[in-house]
Amino acid sequence: MSATHPSRPGGAAAEPAATPPDVRWTLLGVMLGMLLAMLDNTIVSTSMPTIVGDLGGMEHISWVVTAYALATAVSTPVWGKLGDLYSRKHAFLAAITVFLIGSVASGAAQSMTQLISFRVVQGLGAGGLAALAFALIGSLVSPRERGRYQGMTATVMAIGTVGGPLLGGLITGHLGWRWSFYLNLPLGLVTLVWCQVMLRLPAQRTKARIDWLGILLMTVTISAVVLAATWAGTTYAWGSWQIVSLAVVTVFGLTAFIASQKRAVEPVLPLRVFDTGNFRLAGVMVFAAGAAMFGATLYLPLFQQSVQGADATSSGLLLLPMVVPIALVSNIAGKVMSRTGKYKIFPILGAGFLAVGLFLLSTMDTGTSRTLTGFSMALVGVGLGFLMQMTTTIAQNSVEMRDMGVASAGVTLFRTIGGSLGVAVFGSLFTRATEHHLPSAASGNADASLSGSAVDRLPQGAKDAYLTAVADATQQIFLVAAAVCLAALLAALAVKEVPLRGKPMAAEPAEQPSAEKARIWR
């Protein structure tokens, strides 16, 4: 019998003895579910100008993104808890179904209001796709062996990041923006069937109460945070009564939520998962990584298209210098972790590379070459490759199996909130730096856009001023992101290298006790 884990009350006794030999085929279906959510985000972003041109409602365009992000953030811990209480497989299939319903409805939307409403449904399903996917990986593969399959996750992230913009431009140009949503249907149906057949996890029969009060308080608190992050500095001033009110709601909501979780029989986010320092440190690291990744993917293509004259139709390819290292480094680090059982060095290296790469990006100006930009992006990709997946492993390894879904959902939640807050702050910095140099301000045309053609039509002096403003804004954004990643570096240095649960299959003893043989995972 395995020895008791020093940082977990239940020890390793609830862990599987070895990973099933055909687990890659099972994981493939789980990865397809993750790909669904990732592709949707990037494809829809590419299609937004066409959507607004068809449905109108330019003043509501931010809500198409905000509604989705808010629903995803709010539902993520709920899906994770439902998976822990009942069945992770059935919860995952339900999340896919909800996501597909929202996708079909969004594709059929006849107004911007309808689209925003249906994006909420999509976001509710997406909250379960990411959280439950990582929980299922944690249930199927022990932490010690998880590194062998880390490359699969990194590859899915790369495909979603690069393939989304390319597919979005191709689909929107040839089939229309509605197919940006309808595309989810065939991929989702394949995922549903694949997981139903291949994912063999017995349903967990548990008598439990749903923590409705905790869900309500969590929804209110996260909503206030995301709305404040979205509106502050853009729709409303930072010191306006609207933002101050949201800040007050956040503080009181968080206080009430913590109090409710201490009293709940089955809390939606058990505070015990925060008892271990490694889980808290993983939250800090993934929060910083989420802010850096969202900032890089949003503002790097903008800089390259506006300042460096890159072709907007190939915007996905512009991220290749960053995305390729993510997949390669994550795969290598995972294999080393599985072979040696050591992992602390990887988040340290990741946070370090990330901070250096972002700092180099903060030095870009109108004369920076694409080669130098690509080198800096590669450093960012190496950092994300070392950091992103390791934080999930560290978080899952610090909790008991019964909290695997909650831990996975917590990491996903920190990443989502980090990305939302990062985008809000970066957006405010960008707006302040460029608002007096926009093409519309120079041309007197309120309908002018930020497209390359609109910039090219500007007088040379106004054009130079605008490009300089974009470069200055980009510098500020990546300098702030680099500073945030220094916090991730400090957190990585503080991680305690607790032995990973489980052993490589070759190291397992030939005979297992009958109780070990009969053990199943939730």
# chains A, B, ... in the order shown; residues from 1 in each chain; ligands from 1

$ residues_around --residues "Leu216 (chain A)" --least-positions-apart "6" --cutoff "10 Å" --atoms "only C-alpha atoms" --output "PDB file with N, CA, C and O atoms, in the first residue's frame"
ATOM      1  N   VAL A  74     -18.159  32.006 -14.116  1.00  0.00           N
ATOM      2  CA  VAL A  74     -19.126  31.670 -13.066  1.00  0.00           C
ATOM      3  C   VAL A  74     -19.401  30.165 -13.013  1.00  0.00           C
ATOM      4  O   VAL A  74     -19.514  29.572 -11.940  1.00  0.00           O
ATOM      5  N   GLY A 253     -19.210  40.368  -1.304  1.00  0.00           N
ATOM      6  CA  GLY A 253     -19.556  39.066  -1.853  1.00  0.00           C
ATOM      7  C   GLY A 253     -18.520  38.020  -1.514  1.00  0.00           C
ATOM      8  O   GLY A 253     -18.858  36.882  -1.153  1.00  0.00           O
ATOM      9  N   PHE A 257     -19.096  34.777   0.743  1.00  0.00           N
ATOM     10  CA  PHE A 257     -18.848  33.473   0.119  1.00  0.00           C
ATOM     11  C   PHE A 257     -17.938  32.611   0.994  1.00  0.00           C
ATOM     12  O   PHE A 257     -18.202  31.424   1.197  1.00  0.00           O
TER      13      PHE A 257
END

$ residues_around --residues "Phe287 (chain A)" --least-positions-apart "4" --cutoff "9 Å" --atoms "only C-alpha atoms" --output "compact mmCIF listing (two decimals) with all heavy atoms, in the first residue's frame"
# COMPACT_ATOMS: atom_id res chain seq x y z
N ALA A 282 0.15 27.77 -7.10
CA ALA A 282 -0.26 27.44 -8.46
C ALA A 282 -1.28 28.45 -8.98
O ALA A 282 -1.26 28.83 -10.16
CB ALA A 282 -0.82 26.02 -8.52
N GLY A 283 -2.18 28.89 -8.10
CA GLY A 283 -3.16 29.90 -8.49
C GLY A 283 -2.51 31.20 -8.89
O GLY A 283 -2.90 31.84 -9.88
N ALA A 291 -2.92 36.17 -17.73
CA ALA A 291 -2.86 37.57 -18.13
C ALA A 291 -1.86 37.77 -19.25
O ALA A 291 -2.11 38.48 -20.23
CB ALA A 291 -2.51 38.45 -16.93
N ALA A 292 -0.68 37.11 -19.13
CA ALA A 292 0.36 37.26 -20.15
C ALA A 292 -0.09 36.66 -21.48
O ALA A 292 0.13 37.26 -22.55
CB ALA A 292 1.65 36.59 -19.68
N VAL A 411 -8.02 26.12 -10.89
CA VAL A 411 -6.93 26.58 -11.75
C VAL A 411 -7.49 27.25 -13.00
O VAL A 411 -7.00 28.31 -13.43
CB VAL A 411 -6.02 25.39 -12.13
CG1 VAL A 411 -5.02 25.79 -13.20
CG2 VAL A 411 -5.28 24.87 -10.91
N LEU A 413 -10.36 28.69 -13.28
CA LEU A 413 -10.98 29.95 -12.86
C LEU A 413 -9.92 31.03 -12.69
O LEU A 413 -10.11 32.17 -13.14
CB LEU A 413 -11.74 29.74 -11.55
CG LEU A 413 -12.39 30.97 -10.94
CD1 LEU A 413 -13.46 31.53 -11.87
CD2 LEU A 413 -13.01 30.63 -9.57
N PHE A 414 -8.79 30.70 -12.04
CA PHE A 414 -7.72 31.68 -11.87
C PHE A 414 -7.19 32.15 -13.23
O PHE A 414 -6.89 33.33 -13.40
CB PHE A 414 -6.58 31.09 -11.05
CG PHE A 414 -6.96 30.76 -9.63
CD1 PHE A 414 -6.41 29.66 -8.99
CD2 PHE A 414 -7.85 31.55 -8.94
CE1 PHE A 414 -6.76 29.35 -7.69
CE2 PHE A 414 -8.21 31.26 -7.63
CZ PHE A 414 -7.66 30.15 -7.00
N ARG A 415 -7.06 31.21 -14.17
CA ARG A 415 -6.58 31.57 -15.50
C ARG A 415 -7.57 32.50 -16.20
O ARG A 415 -7.17 33.48 -16.84
CB ARG A 415 -6.34 30.32 -16.34
CG ARG A 415 -5.75 30.62 -17.71
CD ARG A 415 -5.62 29.36 -18.56
NE ARG A 415 -4.73 28.40 -17.97
CZ ARG A 415 -5.10 27.19 -17.53
NH1 ARG A 415 -6.36 26.82 -17.63
NH2 ARG A 415 -4.22 26.36 -17.00
N THR A 416 -8.87 32.19 -16.08
CA THR A 416 -9.90 33.01 -16.73
C THR A 416 -9.94 34.41 -16.14
O THR A 416 -9.98 35.41 -16.88
CB THR A 416 -11.28 32.35 -16.57
OG1 THR A 416 -11.25 31.05 -17.16
CG2 THR A 416 -12.36 33.18 -17.25
N ILE A 417 -9.92 34.51 -14.81
CA ILE A 417 -9.96 35.82 -14.16
C ILE A 417 -8.68 36.59 -14.46
O ILE A 417 -8.72 37.81 -14.71
CB ILE A 417 -10.18 35.66 -12.65
CG1 ILE A 417 -11.57 35.07 -12.38
CG2 ILE A 417 -10.03 37.00 -11.94
CD1 ILE A 417 -11.86 34.86 -10.92
N GLY A 418 -7.53 35.89 -14.45
CA GLY A 418 -6.28 36.56 -14.79
C GLY A 418 -6.32 37.13 -16.19
O GLY A 418 -5.91 38.27 -16.44
N GLY A 419 -6.83 36.33 -17.13
CA GLY A 419 -6.95 36.81 -18.50
C GLY A 419 -7.91 37.98 -18.62
O GLY A 419 -7.64 38.96 -19.32
N ALA A 488 4.81 35.68 -10.49
CA ALA A 488 4.78 34.24 -10.78
C ALA A 488 6.12 33.60 -10.48
O ALA A 488 6.19 32.46 -9.98
CB ALA A 488 4.38 34.00 -12.23

$ atom_distance --atom1 "CA of Ala424 (chain A)" --atom2 "CA of Gly290 (chain A)"
12.7 Å

$ closest_residue --among "A:Gln308, A:Asn397, A:Thr191, A:Thr97" --to "Thr26 (chain A)" --atoms "only C-alpha atoms"
A:Thr191

$ closest_residue --among "A:Ile477, A:Leu39, A:Ile222, A:Ala310" --to "Gly188 (chain A)" --atoms "only C-alpha atoms"
A:Leu39

$ residues_around --residues "Ser223 (chain A)" --least-positions-apart "3" --cutoff "12 Å" --atoms "only C-alpha atoms" --output "number ranges by chain"
A: 66-75, 215-220, 226-231, 246-247, 249-250, 253-254, 417, 420

$ write_last_selection --atoms "C-alpha atoms" --output "CSV table (one decimal), in the first residue's frame"
chain,number,residue,atom,x,y,z
A,66,THR,CA,-18.0,39.7,-21.9
A,67,ALA,CA,-21.1,37.6,-21.7
A,68,TYR,CA,-19.2,34.5,-22.8
A,69,ALA,CA,-16.3,35.1,-20.4
A,70,LEU,CA,-18.6,35.9,-17.5
A,71,ALA,CA,-20.7,32.7,-18.0
A,72,THR,CA,-17.5,30.7,-18.3
A,73,ALA,CA,-16.0,32.1,-15.1
A,74,VAL,CA,-19.1,31.7,-13.1
A,75,SER,CA,-19.9,28.1,-14.2
A,215,ILE,CA,-23.2,29.2,-6.1
A,216,LEU,CA,-25.2,32.4,-5.8
A,217,LEU,CA,-22.6,34.3,-3.8
A,218,MET,CA,-19.8,33.1,-6.1
A,219,THR,CA,-21.8,34.2,-9.2
A,220,VAL,CA,-22.4,37.6,-7.8
A,226,VAL,CA,-15.4,40.5,-14.5
A,227,LEU,CA,-17.7,43.5,-15.1
A,228,ALA,CA,-15.4,45.9,-13.3
A,229,ALA,CA,-12.4,44.6,-15.3
A,230,THR,CA,-14.4,45.0,-18.5
A,231,TRP,CA,-15.8,48.5,-17.8
A,246,LEU,CA,-18.7,46.8,-8.2
A,247,ALA,CA,-15.6,46.9,-6.0
A,249,VAL,CA,-20.0,44.2,-4.1
A,250,THR,CA,-16.8,42.2,-4.8
A,253,GLY,CA,-19.6,39.1,-1.9
A,254,LEU,CA,-16.2,37.4,-1.3
A,417,ILE,CA,-10.0,35.8,-14.2
A,420,SER,CA,-10.1,39.0,-18.0

$ residues_around --residues "region 262-271 of chain A" --least-positions-apart "2" --cutoff "6 Å" --atoms "only C-alpha atoms" --output "list of chain:residue names"
A:Lys81, A:Asp211, A:Ala259, A:Ser260, A:Val273, A:Phe274

$ write_last_selection --atoms "C-alpha atoms" --output "PDB file, in the first residue's frame"
ATOM      1  CA  LYS A  81     -18.033  20.342  -8.106  1.00  0.00           C
ATOM      2  CA  ASP A 211     -24.596  24.454  -2.229  1.00  0.00           C
ATOM      3  CA  ALA A 259     -18.259  32.412   5.386  1.00  0.00           C
ATOM      4  CA  SER A 260     -20.804  30.262   3.521  1.00  0.00           C
ATOM      5  CA  VAL A 273      -8.084  22.931  -1.206  1.00  0.00           C
ATOM      6  CA  PHE A 274      -6.426  26.216  -0.197  1.00  0.00           C
TER       7      PHE A 274
END
